[in-house]
>>> print(open('model11.txt').read())   # compact mmCIF, N, CA and C atoms
# COMPACT_ATOMS: atom_id res chain seq x y z
N ARG Y 1 9.68 21.75 -125.66
CA ARG Y 1 9.14 20.61 -126.38
C ARG Y 1 7.78 20.21 -125.82
N HIS Y 2 7.64 20.13 -124.52
CA HIS Y 2 6.35 19.82 -123.91
C HIS Y 2 5.88 21.03 -123.13
N LEU Y 3 4.69 21.50 -123.43
CA LEU Y 3 4.14 22.66 -122.74
C LEU Y 3 2.84 22.27 -122.06
N PRO Y 4 2.58 22.85 -120.89
CA PRO Y 4 1.28 22.59 -120.27
C PRO Y 4 0.17 23.27 -121.05
N ARG Y 5 -0.96 22.59 -121.16
CA ARG Y 5 -2.13 23.17 -121.82
C ARG Y 5 -2.77 24.14 -120.84
N ALA Y 6 -3.10 25.32 -121.30
CA ALA Y 6 -3.69 26.34 -120.42
C ALA Y 6 -5.16 26.51 -120.77
N ALA Y 7 -5.98 26.57 -119.75
CA ALA Y 7 -7.40 26.84 -119.93
C ALA Y 7 -7.70 28.13 -119.19
N ALA Y 8 -8.27 29.10 -119.87
CA ALA Y 8 -8.52 30.41 -119.26
C ALA Y 8 -9.58 30.28 -118.18
N ALA Y 9 -9.25 30.78 -116.99
CA ALA Y 9 -10.21 30.77 -115.88
C ALA Y 9 -10.97 32.08 -115.82
N SER Y 10 -10.38 33.13 -116.38
CA SER Y 10 -11.02 34.44 -116.39
C SER Y 10 -10.75 35.07 -117.74
N THR Y 11 -11.77 35.67 -118.34
CA THR Y 11 -11.57 36.29 -119.64
C THR Y 11 -11.44 37.80 -119.54
N SER Y 12 -11.39 38.34 -118.33
CA SER Y 12 -11.26 39.78 -118.17
C SER Y 12 -9.88 40.21 -118.65
N PRO Y 13 -9.80 41.25 -119.50
CA PRO Y 13 -8.52 41.66 -120.07
C PRO Y 13 -7.51 42.11 -119.03
N SER Y 14 -7.96 42.64 -117.89
CA SER Y 14 -7.02 43.16 -116.92
C SER Y 14 -6.37 42.06 -116.08
N SER Y 15 -7.06 40.95 -115.89
CA SER Y 15 -6.47 39.87 -115.09
C SER Y 15 -6.87 38.53 -115.67
N THR Y 16 -5.99 37.96 -116.46
CA THR Y 16 -6.25 36.65 -117.03
C THR Y 16 -5.44 35.62 -116.25
N ARG Y 17 -6.11 34.62 -115.75
CA ARG Y 17 -5.45 33.53 -115.01
C ARG Y 17 -5.62 32.25 -115.81
N PHE Y 18 -4.64 31.38 -115.70
CA PHE Y 18 -4.69 30.13 -116.43
C PHE Y 18 -4.60 28.96 -115.47
N LEU Y 19 -5.35 27.92 -115.79
CA LEU Y 19 -5.30 26.68 -115.04
C LEU Y 19 -4.58 25.65 -115.89
N MET Y 20 -3.65 24.92 -115.32
CA MET Y 20 -2.93 23.89 -116.05
C MET Y 20 -3.77 22.62 -116.06
N SER Y 21 -4.02 22.06 -117.24
CA SER Y 21 -4.88 20.89 -117.30
C SER Y 21 -4.22 19.67 -117.93
N ALA Y 22 -3.31 19.83 -118.87
CA ALA Y 22 -2.67 18.69 -119.53
C ALA Y 22 -1.42 19.19 -120.25
N GLU Y 23 -0.65 18.26 -120.78
CA GLU Y 23 0.55 18.64 -121.52
C GLU Y 23 0.32 18.53 -123.01
N LEU Y 24 0.90 19.45 -123.75
CA LEU Y 24 0.88 19.41 -125.21
C LEU Y 24 2.31 19.21 -125.68
N SER Y 25 2.47 18.57 -126.81
CA SER Y 25 3.79 18.32 -127.37
C SER Y 25 3.87 18.94 -128.76
N PHE Y 26 4.94 19.70 -129.02
CA PHE Y 26 5.13 20.36 -130.30
C PHE Y 26 6.52 20.06 -130.84
N ASP Y 27 6.62 20.01 -132.15
CA ASP Y 27 7.92 19.90 -132.80
C ASP Y 27 8.56 21.28 -132.95
N LEU Y 28 7.72 22.31 -133.06
CA LEU Y 28 8.20 23.67 -133.28
C LEU Y 28 7.26 24.66 -132.62
N ILE Y 29 7.83 25.64 -131.93
CA ILE Y 29 7.05 26.73 -131.37
C ILE Y 29 7.54 28.02 -132.01
N VAL Y 30 6.63 28.74 -132.65
CA VAL Y 30 6.98 29.98 -133.34
C VAL Y 30 6.41 31.14 -132.53
N ILE Y 31 7.27 32.09 -132.20
CA ILE Y 31 6.84 33.27 -131.45
C ILE Y 31 6.76 34.45 -132.42
N GLY Y 32 5.56 34.97 -132.60
CA GLY Y 32 5.34 36.10 -133.48
C GLY Y 32 4.65 35.68 -134.76
N ALA Y 33 3.48 36.26 -135.01
CA ALA Y 33 2.68 35.90 -136.18
C ALA Y 33 2.76 36.98 -137.25
N GLY Y 34 3.97 37.50 -137.46
CA GLY Y 34 4.20 38.42 -138.56
C GLY Y 34 4.37 37.61 -139.84
N ALA Y 35 4.85 38.23 -140.88
CA ALA Y 35 4.99 37.55 -142.17
C ALA Y 35 5.88 36.31 -142.06
N ALA Y 36 7.01 36.44 -141.41
CA ALA Y 36 7.92 35.30 -141.28
C ALA Y 36 7.34 34.20 -140.41
N GLY Y 37 6.75 34.58 -139.29
CA GLY Y 37 6.17 33.58 -138.38
C GLY Y 37 5.06 32.79 -139.03
N LEU Y 38 4.20 33.47 -139.77
CA LEU Y 38 3.10 32.78 -140.46
C LEU Y 38 3.63 31.84 -141.53
N SER Y 39 4.65 32.27 -142.27
CA SER Y 39 5.24 31.43 -143.33
C SER Y 39 5.90 30.19 -142.76
N VAL Y 40 6.70 30.38 -141.71
CA VAL Y 40 7.38 29.26 -141.08
C VAL Y 40 6.38 28.26 -140.50
N THR Y 41 5.36 28.78 -139.83
CA THR Y 41 4.35 27.93 -139.23
C THR Y 41 3.62 27.11 -140.29
N ALA Y 42 3.19 27.77 -141.37
CA ALA Y 42 2.48 27.07 -142.45
C ALA Y 42 3.36 26.02 -143.11
N GLY Y 43 4.61 26.37 -143.38
CA GLY Y 43 5.53 25.43 -144.02
C GLY Y 43 5.79 24.20 -143.16
N ALA Y 44 6.03 24.43 -141.88
CA ALA Y 44 6.29 23.31 -140.97
C ALA Y 44 5.06 22.42 -140.83
N ALA Y 45 3.89 23.02 -140.75
CA ALA Y 45 2.65 22.23 -140.64
C ALA Y 45 2.42 21.40 -141.90
N GLN Y 46 2.74 21.96 -143.07
CA GLN Y 46 2.57 21.21 -144.32
C GLN Y 46 3.52 20.02 -144.39
N LEU Y 47 4.66 20.14 -143.69
CA LEU Y 47 5.61 19.03 -143.64
C LEU Y 47 5.26 18.01 -142.56
N GLY Y 48 4.16 18.26 -141.84
CA GLY Y 48 3.70 17.31 -140.84
C GLY Y 48 4.14 17.59 -139.42
N ALA Y 49 4.79 18.71 -139.18
CA ALA Y 49 5.22 19.06 -137.82
C ALA Y 49 4.04 19.53 -136.98
N ARG Y 50 4.09 19.24 -135.70
CA ARG Y 50 3.11 19.77 -134.76
C ARG Y 50 3.64 21.13 -134.33
N VAL Y 51 2.92 22.19 -134.68
CA VAL Y 51 3.42 23.56 -134.52
C VAL Y 51 2.49 24.37 -133.63
N ALA Y 52 3.10 25.17 -132.74
CA ALA Y 52 2.35 26.14 -131.94
C ALA Y 52 2.79 27.53 -132.39
N LEU Y 53 1.82 28.42 -132.57
CA LEU Y 53 2.10 29.80 -132.96
C LEU Y 53 1.64 30.71 -131.83
N ILE Y 54 2.56 31.51 -131.30
CA ILE Y 54 2.26 32.39 -130.18
C ILE Y 54 2.33 33.84 -130.65
N GLU Y 55 1.24 34.58 -130.42
CA GLU Y 55 1.18 35.99 -130.82
C GLU Y 55 0.42 36.75 -129.75
N ARG Y 56 0.98 37.85 -129.27
CA ARG Y 56 0.28 38.63 -128.25
C ARG Y 56 -0.61 39.71 -128.84
N GLY Y 57 -0.38 40.04 -130.08
CA GLY Y 57 -1.17 41.10 -130.73
C GLY Y 57 -2.00 40.54 -131.87
N LEU Y 58 -2.09 41.30 -132.94
CA LEU Y 58 -2.87 40.91 -134.10
C LEU Y 58 -2.07 40.02 -135.04
N MET Y 59 -2.73 39.03 -135.62
CA MET Y 59 -2.07 38.17 -136.60
C MET Y 59 -1.65 39.04 -137.79
N GLY Y 60 -0.48 38.80 -138.31
CA GLY Y 60 -0.01 39.55 -139.46
C GLY Y 60 1.11 40.52 -139.12
N GLY Y 61 1.28 40.85 -137.85
CA GLY Y 61 2.36 41.71 -137.43
C GLY Y 61 2.17 43.17 -137.79
N ASP Y 62 3.21 43.94 -137.54
CA ASP Y 62 3.16 45.39 -137.76
C ASP Y 62 2.97 45.76 -139.22
N CYS Y 63 3.65 45.08 -140.12
CA CYS Y 63 3.57 45.46 -141.54
C CYS Y 63 2.14 45.36 -142.05
N LEU Y 64 1.46 44.27 -141.74
CA LEU Y 64 0.11 44.07 -142.24
C LEU Y 64 -0.90 44.99 -141.56
N ASN Y 65 -0.75 45.21 -140.26
CA ASN Y 65 -1.78 45.91 -139.49
C ASN Y 65 -1.56 47.41 -139.31
N THR Y 66 -0.33 47.88 -139.23
CA THR Y 66 -0.10 49.30 -138.97
C THR Y 66 0.96 49.92 -139.87
N GLY Y 67 1.70 49.12 -140.59
CA GLY Y 67 2.83 49.66 -141.35
C GLY Y 67 2.62 49.66 -142.84
N CYS Y 68 3.31 48.76 -143.51
CA CYS Y 68 3.39 48.74 -144.97
C CYS Y 68 2.04 48.73 -145.67
N VAL Y 69 1.20 47.76 -145.35
CA VAL Y 69 -0.06 47.59 -146.08
C VAL Y 69 -1.00 48.77 -145.87
N PRO Y 70 -1.28 49.18 -144.62
CA PRO Y 70 -2.16 50.35 -144.46
C PRO Y 70 -1.58 51.62 -145.08
N SER Y 71 -0.28 51.80 -145.00
CA SER Y 71 0.35 52.99 -145.60
C SER Y 71 0.16 53.00 -147.11
N LYS Y 72 0.34 51.85 -147.75
CA LYS Y 72 0.17 51.79 -149.20
C LYS Y 72 -1.29 52.01 -149.59
N ALA Y 73 -2.21 51.51 -148.79
CA ALA Y 73 -3.64 51.74 -149.08
C ALA Y 73 -3.97 53.22 -148.96
N LEU Y 74 -3.42 53.88 -147.94
CA LEU Y 74 -3.65 55.31 -147.75
C LEU Y 74 -3.06 56.11 -148.91
N LEU Y 75 -1.86 55.75 -149.33
CA LEU Y 75 -1.23 56.43 -150.47
C LEU Y 75 -2.04 56.23 -151.75
N ALA Y 76 -2.53 55.01 -151.99
CA ALA Y 76 -3.32 54.75 -153.18
C ALA Y 76 -4.60 55.58 -153.17
N SER Y 77 -5.24 55.70 -152.00
CA SER Y 77 -6.45 56.52 -151.88
C SER Y 77 -6.14 57.99 -152.14
N ALA Y 78 -5.03 58.47 -151.62
CA ALA Y 78 -4.65 59.87 -151.82
C ALA Y 78 -4.37 60.16 -153.30
N HIS Y 79 -3.69 59.23 -153.97
CA HIS Y 79 -3.42 59.41 -155.40
C HIS Y 79 -4.71 59.42 -156.21
N ALA Y 80 -5.64 58.53 -155.86
CA ALA Y 80 -6.93 58.47 -156.57
C ALA Y 80 -7.72 59.76 -156.35
N ALA Y 81 -7.69 60.30 -155.12
CA ALA Y 81 -8.39 61.56 -154.83
C ALA Y 81 -7.77 62.70 -155.63
N ARG Y 82 -6.45 62.73 -155.74
CA ARG Y 82 -5.78 63.79 -156.50
C ARG Y 82 -6.15 63.70 -157.97
N ARG Y 83 -6.16 62.48 -158.52
CA ARG Y 83 -6.55 62.32 -159.93
C ARG Y 83 -7.99 62.76 -160.14
N ALA Y 84 -8.87 62.44 -159.19
CA ALA Y 84 -10.29 62.83 -159.30
C ALA Y 84 -10.43 64.35 -159.27
N ARG Y 85 -9.69 65.02 -158.37
CA ARG Y 85 -9.76 66.49 -158.31
C ARG Y 85 -9.27 67.12 -159.60
N ARG Y 86 -8.29 66.51 -160.24
CA ARG Y 86 -7.74 67.05 -161.49
C ARG Y 86 -8.53 66.62 -162.71
N GLY Y 87 -9.52 65.75 -162.51
CA GLY Y 87 -10.32 65.26 -163.63
C GLY Y 87 -9.58 64.25 -164.48
N GLU Y 88 -8.66 63.54 -163.90
CA GLU Y 88 -7.82 62.57 -164.64
C GLU Y 88 -8.39 61.16 -164.58
N LEU Y 89 -9.61 60.99 -164.15
CA LEU Y 89 -10.16 59.64 -164.07
C LEU Y 89 -10.57 59.18 -165.38
>>> encode(input="model11.txt", output="structure tokens")
Amino acid sequence: RHLPRAAAASTSPSSTRFLMSAELSFDLIVIGAGAAGLSVTAGAAQLGARVALIERGLMGGDCLNTGCVPSKALLASAHAARRARRGEL
């Protein structure tokens, strides 16, 4: 419910240290910014909740960044290239 506020003392990727400076208060803490995490966070914020979203990687999760969406884009490109080679455009 109450978390210390962290201020980065070093921005080097290999060794990040944090200094505790103050406390923050949240109604909800969401771990993971995939499709579900983003939806829950947005919904709770719209209802007036104080929300923290924690993500160690890229926003959007695996589906958006490396799975479903990129795969479908690659498939669509491959189908378009095949149609172009066959003269079906």
>>> closest_residue(input="model11.txt", among="Y:Leu53, Y:Cys63, Y:Ala80, Y:Leu75", to="Ala35 (chain Y)", atoms="only N, CA and C atoms")
Y:Cys63
>>> atom_distance(input="model11.txt", atom1="CA of Thr66 (chain Y)", atom2="CA of Ile54 (chain Y)")
19.2 Å
>>> closest_residue(input="model11.txt", among="Y:Ala73, Y:Ala52, Y:Leu58, Y:Ala44", to="Ile31 (chain Y)", atoms="all atoms listed in the file")
Y:Ala52
>>> atom_distance(input="model11.txt", atom1="CA of Gly67 (chain Y)", atom2="CA of Val40 (chain Y)")
20.9 Å
>>> atom_distance(input="model11.txt", atom1="atom C of Ile29 (chain Y)", atom2="atom C of Ala49 (chain Y)")
10.4 Å
>>> closest_residue(input="model11.txt", among="Y:Arg86, Y:Lys72, Y:Arg50, Y:His79", to="Phe26 (chain Y)", atoms="only C-alpha atoms")
Y:Arg50
